[in-house]
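Novice: Pasting model24.txt below, which is compact mmCIF, C-alpha atoms and all ligand atoms.
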# COMPACT_ATOMS: atom_id res chain seq x y z
CA MET A 227 -28.45 72.48 76.57
CA LEU A 228 -28.56 70.82 73.16
CA LYS A 229 -26.52 71.84 70.13
CA ARG A 230 -27.45 70.46 66.72
CA LEU A 231 -24.82 68.21 65.17
CA PHE A 232 -26.70 66.64 62.25
CA SER A 233 -29.97 67.88 60.80
CA GLU A 234 -32.85 65.74 59.60
CA GLN A 235 -31.63 66.32 56.05
CA ASP A 236 -28.04 65.33 56.88
CA ILE A 237 -29.36 62.14 58.45
CA ALA A 238 -31.70 61.35 55.55
CA ASN A 239 -28.85 61.75 53.04
CA THR A 240 -26.58 59.53 55.09
CA VAL A 241 -29.20 56.82 55.59
CA LYS A 242 -29.84 56.77 51.85
CA ASP A 243 -26.13 56.43 51.19
CA LEU A 244 -25.81 53.56 53.67
CA ALA A 245 -28.79 51.79 52.11
CA GLY A 246 -27.23 52.12 48.66
CA ARG A 247 -23.98 50.57 49.85
CA ILE A 248 -25.85 47.67 51.44
CA GLU A 249 -27.84 47.07 48.25
CA ASN A 250 -24.63 47.01 46.21
CA ASP A 251 -23.07 44.44 48.51
CA PHE A 252 -26.11 42.16 48.55
CA PRO A 253 -27.55 42.31 45.04
CA ASP A 254 -30.92 40.56 44.93
CA GLU A 255 -30.25 38.77 48.20
CA GLU A 256 -32.48 38.59 51.24
CA ILE A 257 -31.27 40.47 54.30
CA LEU A 258 -32.27 40.11 57.93
CA PHE A 259 -31.87 43.43 59.73
CA VAL A 260 -31.27 43.17 63.46
CA CYS A 261 -32.39 46.34 65.23
CA LEU A 262 -30.67 46.87 68.57
CA LEU A 263 -33.27 48.40 70.86
CA LYS A 264 -33.94 50.93 71.91
CA GLY A 265 -31.54 53.40 70.33
CA SER A 266 -31.73 52.02 66.78
CA PHE A 267 -35.49 51.96 66.35
CA ILE A 268 -35.73 55.12 64.26
CA PHE A 269 -32.55 54.47 62.28
CA THR A 270 -33.70 50.94 61.47
CA SER A 271 -37.13 52.06 60.37
CA ASP A 272 -35.64 54.65 58.00
CA LEU A 273 -32.87 52.37 56.74
CA VAL A 274 -35.08 49.39 55.86
CA ARG A 275 -37.42 51.64 53.89
CA GLN A 276 -34.49 52.73 51.72
CA VAL A 277 -33.22 49.22 51.01
CA GLY A 278 -34.85 47.62 48.00
CA ASN A 279 -33.82 44.05 48.85
CA ARG A 280 -36.25 41.50 50.16
CA SER A 281 -35.84 42.03 53.91
CA ARG A 282 -36.90 40.75 57.27
CA ILE A 283 -36.51 42.59 60.55
CA ASP A 284 -35.91 41.31 64.05
CA PHE A 285 -35.10 43.00 67.35
CA MET A 286 -32.62 42.54 70.15
CA ARG A 287 -32.40 44.48 73.36
CA VAL A 288 -29.10 44.72 75.13
CA SER A 289 -28.35 47.00 77.99
CA SER A 290 -25.03 48.65 78.81
CA TYR A 291 -25.61 52.17 80.08
CA GLY A 292 -28.58 52.45 82.44
CA ASN A 293 -29.29 56.10 83.01
CA GLN A 294 -25.70 57.18 83.31
CA MET A 295 -23.41 58.92 80.84
CA ALA A 296 -20.62 56.37 81.35
CA THR A 297 -20.43 52.79 80.19
CA ARG A 298 -20.92 50.00 82.72
CA GLY A 299 -18.84 47.54 80.73
CA ASN A 300 -21.30 44.75 81.38
CA VAL A 301 -23.54 44.01 78.40
CA GLU A 302 -26.67 42.08 79.20
CA ILE A 303 -28.94 40.43 76.59
CA VAL A 304 -32.39 41.54 77.68
CA LYS A 305 -34.30 40.31 74.62
CA ASP A 306 -32.90 37.84 72.10
CA LEU A 307 -33.80 37.41 68.43
CA GLU A 308 -36.88 35.46 67.40
CA GLU A 309 -35.49 34.57 63.95
CA ASP A 310 -33.09 31.71 63.23
CA ILE A 311 -30.13 33.37 61.49
CA GLU A 312 -28.27 30.26 60.32
CA GLY A 313 -27.27 30.58 56.66
CA ARG A 314 -28.73 34.07 56.33
CA ASN A 315 -27.36 37.52 55.51
CA VAL A 316 -27.59 39.46 58.74
CA ILE A 317 -26.96 43.16 59.28
CA ILE A 318 -26.83 44.45 62.83
CA VAL A 319 -28.22 47.98 62.94
CA GLU A 320 -26.70 50.12 65.68
CA ASP A 321 -27.29 53.79 66.40
CA ILE A 322 -23.90 54.51 67.95
CA ILE A 323 -20.65 52.67 68.60
CA ASP A 324 -18.97 54.00 71.70
CA SER A 325 -16.79 51.63 73.75
CA GLY A 326 -17.69 48.87 71.27
CA LEU A 327 -18.70 46.51 74.09
CA THR A 328 -22.33 46.22 73.00
CA LEU A 329 -21.54 45.33 69.40
CA THR A 330 -18.75 42.95 70.35
CA ARG A 331 -21.11 41.03 72.62
CA VAL A 332 -23.87 40.92 70.01
CA ARG A 333 -21.57 40.09 67.08
CA ASP A 334 -19.85 37.27 68.97
CA LEU A 335 -23.17 35.81 70.03
CA LEU A 336 -24.64 35.95 66.51
CA LEU A 337 -21.51 34.46 64.95
CA THR A 338 -22.04 31.30 67.03
CA ARG A 339 -25.33 30.85 65.13
CA ASN A 340 -23.59 30.51 61.74
CA PRO A 341 -25.05 33.27 59.59
CA LYS A 342 -24.04 33.31 55.92
CA ALA A 343 -22.79 36.89 56.34
CA LEU A 344 -22.77 39.17 59.36
CA ARG A 345 -22.27 42.90 58.92
CA ILE A 346 -22.56 45.94 61.13
CA CYS A 347 -24.31 49.12 60.08
CA ALA A 348 -23.80 51.99 62.53
CA LEU A 349 -25.15 55.48 62.11
CA ILE A 350 -22.54 57.07 64.38
CA ASP A 351 -19.05 55.97 65.30
CA LYS A 352 -17.44 57.59 68.33
CA ARG A 353 -14.09 56.00 67.58
CA CYS A 354 -12.08 57.87 70.20
CA ARG A 355 -13.98 56.08 72.98
CA ARG A 356 -13.31 52.54 71.83
CA GLU A 357 -12.34 50.02 74.52
CA VAL A 358 -12.40 46.93 72.31
CA GLU A 359 -11.46 46.65 68.67
CA ILE A 360 -14.54 46.56 66.49
CA GLU A 361 -15.47 48.46 63.33
CA GLY A 362 -18.70 49.00 61.50
CA ASP A 363 -18.93 47.78 57.89
CA TYR A 364 -21.28 50.63 57.05
CA VAL A 365 -20.78 53.80 59.09
CA GLY A 366 -22.73 57.03 58.67
CA PHE A 367 -20.96 59.65 60.77
CA THR A 368 -17.72 59.58 62.73
CA ILE A 369 -17.72 62.02 65.64
CA ASP A 370 -15.42 63.18 68.42
CA ASP A 371 -16.19 62.58 72.06
CA GLY A 372 -19.40 64.14 73.36
CA PHE A 373 -22.79 62.90 74.49
CA VAL A 374 -25.25 62.80 71.61
CA VAL A 375 -29.02 62.49 71.69
CA GLY A 376 -31.91 62.44 69.25
CA TYR A 377 -33.04 60.26 66.35
CA GLY A 378 -33.55 57.39 68.78
CA ILE A 379 -30.63 58.08 71.09
CA ASP A 380 -31.46 59.06 74.66
CA TYR A 381 -30.15 60.72 77.73
CA ALA A 382 -31.93 59.15 80.72
CA GLU A 383 -34.65 57.98 78.28
CA TYR A 384 -35.37 61.52 77.06
CA HIS A 385 -34.70 63.10 73.65
CA ARG A 386 -35.14 59.92 71.59
CA ASN A 387 -37.89 61.71 69.66
CA LEU A 388 -35.74 64.63 68.48
CA PRO A 389 -35.63 64.60 64.68
CA ASP A 390 -32.04 65.94 64.65
CA ILE A 391 -28.95 64.52 66.30
CA CYS A 392 -27.70 66.91 68.98
CA VAL A 393 -24.81 67.04 71.39
CA VAL A 394 -25.41 67.78 75.07
CA VAL A 395 -23.31 70.77 76.12
CA LYS A 396 -22.90 72.39 79.51
CA GLU A 397 -24.01 76.02 79.71
CA ASP A 398 -20.43 77.24 80.30
CA GLU A 399 -19.23 75.44 77.14
CA VAL A 400 -21.62 77.29 74.83
C1 LIG B 501 -26.32 52.66 73.75
C2 LIG B 501 -26.35 52.80 72.24
C3 LIG B 501 -25.55 51.61 71.78
C4 LIG B 501 -24.57 51.40 72.91
C5 LIG B 501 -23.21 51.85 72.49
O1 LIG B 501 -27.31 51.77 74.10
O2 LIG B 501 -27.67 52.77 71.77
O3 LIG B 501 -26.35 50.47 71.63
O4 LIG B 501 -25.03 52.15 74.02
O5 LIG B 501 -22.31 51.80 73.53
P1 LIG B 501 -21.01 50.89 73.61
O6 LIG B 501 -20.35 50.88 72.25
O7 LIG B 501 -20.18 51.59 74.64
O8 LIG B 501 -21.41 49.54 74.05
P2 LIG B 501 -27.91 51.66 75.58
O9 LIG B 501 -27.31 50.47 76.26
O10 LIG B 501 -27.80 52.98 76.26
O11 LIG B 501 -29.41 51.30 75.36
P3 LIG B 501 -30.52 52.01 74.43
O12 LIG B 501 -30.16 51.63 73.00
O13 LIG B 501 -31.78 51.41 74.90
O14 LIG B 501 -30.47 53.50 74.65
For this file, produce the structure as structure tokens.
Specialist:
Amino acid sequence: MLKRLFSEQDIANTVKDLAGRIENDFPDEEILFVCLLKGSFIFTSDLVRQVGNRSRIDFMRVSSYGNQMATRGNVEIVKDLEEDIEGRNVIIVEDIIDSGLTLTRVRDLLLTRNPKALRICALIDKRCRREVEIEGDYVGFTIDDGFVVGYGIDYAEYHRNLPDICVVVKEDEV
């Protein structure tokens, strides 16, 4: 069953706070937001509407989990960016950092393209599960271990449309 971790209001407050921090760091500068599909689609759409800067948005799709609850460790680029990021301020928008393998792969790839600045904005950081060292520059929530869904994040492609962020709990853990 699902147990609510963060409500719509909690998330809205946090997204607004993250947007404010980004605006402060890039006063009057253009930003290219890179939405990592699929999990970040709702977070990105809310975040970019809170950022007052002139912005562009592009999408990448990388795959690391399949339908399982454990990481595969092999991060595949399924869809690359369409924008040229050389000399531009780029913010990777990620729903959740778990092992860190996805972001490490994406960050390292984008760094080879010589952006002016490259930052990471993650809504959720599950730090205890990290397998490689990587940190978000803008992090919304830090959580303990547990499988979360909602607000774009799935379990076997379900629950992405939940407005809240919930944790999946077994019946005997309730
Ligand atoms: C999930 C999540 C992150 C990534 C984090 O994506 O959305 O992108 O895993 O895990 P990591 O830090 O261990 O690499 P997933 O590959 O499941 O695809 P999805 O975004 O389409 O759900």
Novice: Within 9 Å of ligand LIG 501 (chain B), counting all atoms listed in the file, which protein or nucleic acid residues do you find, written as number ranges by chain?
Specialist: A: 262-267, 287-302, 320-331, 351-352, 355-358, 378-383, 386
Novice: Can you work out which one of A:Glu308, A:Ile318, A:Leu335, A:Leu244 has the shortest atom-to-atom distance to Arg275 of chain A, counting only C-alpha atoms?
Specialist: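 Result for the nearest residue to Arg275 of chain A: A:Leu244.
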Novice: Considering all atoms listed in the file, state which residue in the set A:Val395, A:Asn387, A:Lys342, A:Asp284 is at the smallest distance from Asp371 of chain A.
Specialist: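 The answer is A:Val395, which sits nearest to Asp371 of chain A.
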Novice: Compare A:Met286, A:Leu273, A:Leu388, A:Val365 by their minimum atom-to-atom distance to Ile350 of chain A, counting only C-alpha atoms, and give me the closest one.
Specialist: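 Smallest distance to Ile350 of chain A is found for A:Val365.
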Novice: Suppose you want the space between atom CA of Val241 of chain A and atom CA of Arg280 of chain A; what is it in Å?
Specialist: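 Taking atom CA of Val241 of chain A and atom CA of Arg280 of chain A, their separation equals 17.7 Å.
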Novice: Pick the closest to Ile346 of chain A from A:Ile248, A:Ala238, A:Val393, A:Met227: which is it, counting only C-alpha atoms?
Specialist: A:Ile248
Novice: Could you please determine the separation between atom CA of Val260 of chain A and atom CA of Tyr384 of chain A in Å, to one decimal place?
Specialist: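 Answer for the atom CA of Val260 of chain A to atom CA of Tyr384 of chain A separation: 23.2 Å.
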Novice: Smallest atom-to-atom distance to Asp254 of chain A: which of A:Gly278, A:Asn239, A:Leu228, A:Asn340, using only C-alpha atoms?
Specialist: A:Gly278
Novice: Here is a test: counting all atoms listed in the file, which residue of A:Val304, A:Cys354, A:Val316, A:Cys347 is nearest to Thr270 of chain A?
Specialist: A:Cys347
Novice: Between atom CA of Leu307 of chain A and atom CA of Ile283 of chain A, what distance in Å does the model show, to one decimal?
Specialist: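 Result for atom CA of Leu307 of chain A versus atom CA of Ile283 of chain A: 9.8 Å, one decimal.
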Novice: What's the 10 Å shell around Arg339 of chain A, counting only C-alpha atoms, without same-chain residues fewer than 4 positions away, as a PyMOL selection string?
Specialist: chain A and resi 310-314+334-335
Novice: Could you take the residues named above and write them with C-alpha atoms, as a compact mmCIF listing (two decimals), in the frame of the given file?
Specialist:
# COMPACT_ATOMS: atom_id res chain seq x y z
CA ASP A 310 -33.09 31.71 63.23
CA ILE A 311 -30.13 33.37 61.49
CA GLU A 312 -28.27 30.26 60.32
CA GLY A 313 -27.27 30.58 56.66
CA ARG A 314 -28.73 34.07 56.33
CA ASP A 334 -19.85 37.27 68.97
CA LEU A 335 -23.17 35.81 70.03
Novice: Using all atoms listed in the file, find all polymer residues with an atom at most 7 Å away from the point (-32.0, 45.4, 56.8); report them as a PDB file with C-alpha atoms, in the coordinates of the input.
Specialist:
ATOM      1  CA  ILE A 257     -31.270  40.470  54.300  1.00  0.00           C
ATOM      2  CA  LEU A 258     -32.270  40.110  57.930  1.00  0.00           C
ATOM      3  CA  PHE A 259     -31.870  43.430  59.730  1.00  0.00           C
ATOM      4  CA  VAL A 274     -35.080  49.390  55.860  1.00  0.00           C
ATOM      5  CA  SER A 281     -35.840  42.030  53.910  1.00  0.00           C
ATOM      6  CA  ARG A 282     -36.900  40.750  57.270  1.00  0.00           C
ATOM      7  CA  ILE A 283     -36.510  42.590  60.550  1.00  0.00           C
ATOM      8  CA  ILE A 317     -26.960  43.160  59.280  1.00  0.00           C
TER       9      ILE A 317
END
Novice: Would you mind listing what lies within 10 Å of Pro389 of chain A as a list in words, with all atoms listed in the file counted and same-chain residues fewer than 2 positions away left out?
Specialist: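 Skipping anything fewer than 2 positions along the chain leaves Phe232, Ser233, Glu234, Gln235, Ile237, Ile268, Val375, Gly376, Tyr377, Gly378, His385, Arg386, Asn387, Ile391 and Cys392 of chain A.
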Novice: Can you give me all heavy atoms for segment 322-333 of chain A, written as a compact mmCIF listing (two decimals), in the frame of the given file?
Specialist:
# COMPACT_ATOMS: atom_id res chain seq x y z
N ILE A 322 -25.20 53.90 67.64
CA ILE A 322 -23.90 54.51 67.95
C ILE A 322 -22.94 53.46 68.51
O ILE A 322 -23.33 52.64 69.32
CB ILE A 322 -24.08 55.71 68.91
CG1 ILE A 322 -22.76 56.44 69.15
CG2 ILE A 322 -24.71 55.33 70.23
CD1 ILE A 322 -22.93 57.83 69.76
N ILE A 323 -21.71 53.50 68.02
CA ILE A 323 -20.65 52.67 68.60
C ILE A 323 -19.81 53.58 69.48
O ILE A 323 -19.29 54.59 69.01
CB ILE A 323 -19.72 52.03 67.54
CG1 ILE A 323 -20.50 51.46 66.36
CG2 ILE A 323 -18.87 50.95 68.18
CD1 ILE A 323 -19.59 50.90 65.26
N ASP A 324 -19.70 53.19 70.73
CA ASP A 324 -18.97 54.00 71.70
C ASP A 324 -17.77 53.17 72.17
O ASP A 324 -16.77 53.07 71.48
CB ASP A 324 -19.95 54.35 72.83
CG ASP A 324 -19.46 55.47 73.71
OD1 ASP A 324 -18.25 55.59 73.90
OD2 ASP A 324 -20.29 56.23 74.24
N SER A 325 -17.88 52.50 73.30
CA SER A 325 -16.79 51.63 73.75
C SER A 325 -16.62 50.43 72.81
O SER A 325 -15.55 49.84 72.73
CB SER A 325 -17.07 51.12 75.17
OG SER A 325 -18.16 50.22 75.16
N GLY A 326 -17.70 50.05 72.15
CA GLY A 326 -17.69 48.87 71.27
C GLY A 326 -18.11 47.60 71.99
O GLY A 326 -18.23 46.53 71.39
N LEU A 327 -18.37 47.70 73.29
CA LEU A 327 -18.70 46.51 74.09
C LEU A 327 -20.03 45.89 73.67
O LEU A 327 -20.16 44.67 73.60
CB LEU A 327 -18.73 46.87 75.58
CG LEU A 327 -17.35 47.22 76.18
CD1 LEU A 327 -17.51 47.93 77.52
CD2 LEU A 327 -16.51 45.95 76.35
N THR A 328 -21.00 46.73 73.38
CA THR A 328 -22.33 46.22 73.00
C THR A 328 -22.23 45.40 71.71
O THR A 328 -22.68 44.25 71.64
CB THR A 328 -23.31 47.40 72.78
OG1 THR A 328 -23.39 48.15 73.98
CG2 THR A 328 -24.68 46.90 72.35
N LEU A 329 -21.61 46.01 70.70
CA LEU A 329 -21.54 45.33 69.40
C LEU A 329 -20.67 44.08 69.45
O LEU A 329 -20.97 43.09 68.78
CB LEU A 329 -20.98 46.29 68.35
CG LEU A 329 -22.02 47.08 67.59
CD1 LEU A 329 -21.34 48.01 66.61
CD2 LEU A 329 -22.99 46.15 66.86
N THR A 330 -19.62 44.13 70.23
CA THR A 330 -18.75 42.95 70.35
C THR A 330 -19.53 41.78 70.93
O THR A 330 -19.48 40.66 70.43
CB THR A 330 -17.52 43.28 71.24
OG1 THR A 330 -16.83 44.37 70.64
CG2 THR A 330 -16.60 42.09 71.34
N ARG A 331 -20.30 42.08 71.96
CA ARG A 331 -21.11 41.03 72.62
C ARG A 331 -22.14 40.47 71.64
O ARG A 331 -22.30 39.26 71.52
CB ARG A 331 -21.81 41.65 73.83
CG ARG A 331 -22.79 40.76 74.52
CD ARG A 331 -22.12 39.94 75.59
NE ARG A 331 -23.08 39.31 76.47
CZ ARG A 331 -23.62 38.12 76.26
NH1 ARG A 331 -23.33 37.44 75.18
NH2 ARG A 331 -24.48 37.61 77.12
N VAL A 332 -22.81 41.35 70.93
CA VAL A 332 -23.87 40.92 70.01
C VAL A 332 -23.26 40.17 68.82
O VAL A 332 -23.73 39.10 68.43
CB VAL A 332 -24.70 42.13 69.52
CG1 VAL A 332 -25.65 41.74 68.40
CG2 VAL A 332 -25.47 42.74 70.69
N ARG A 333 -22.21 40.74 68.24
CA ARG A 333 -21.57 40.09 67.08
C ARG A 333 -21.08 38.69 67.45
O ARG A 333 -21.33 37.73 66.73
CB ARG A 333 -20.39 40.93 66.61
CG ARG A 333 -19.68 40.35 65.40
CD ARG A 333 -18.27 40.87 65.26
NE ARG A 333 -17.46 40.59 66.46
CZ ARG A 333 -16.25 41.09 66.66
NH1 ARG A 333 -15.71 41.91 65.78
NH2 ARG A 333 -15.58 40.79 67.76
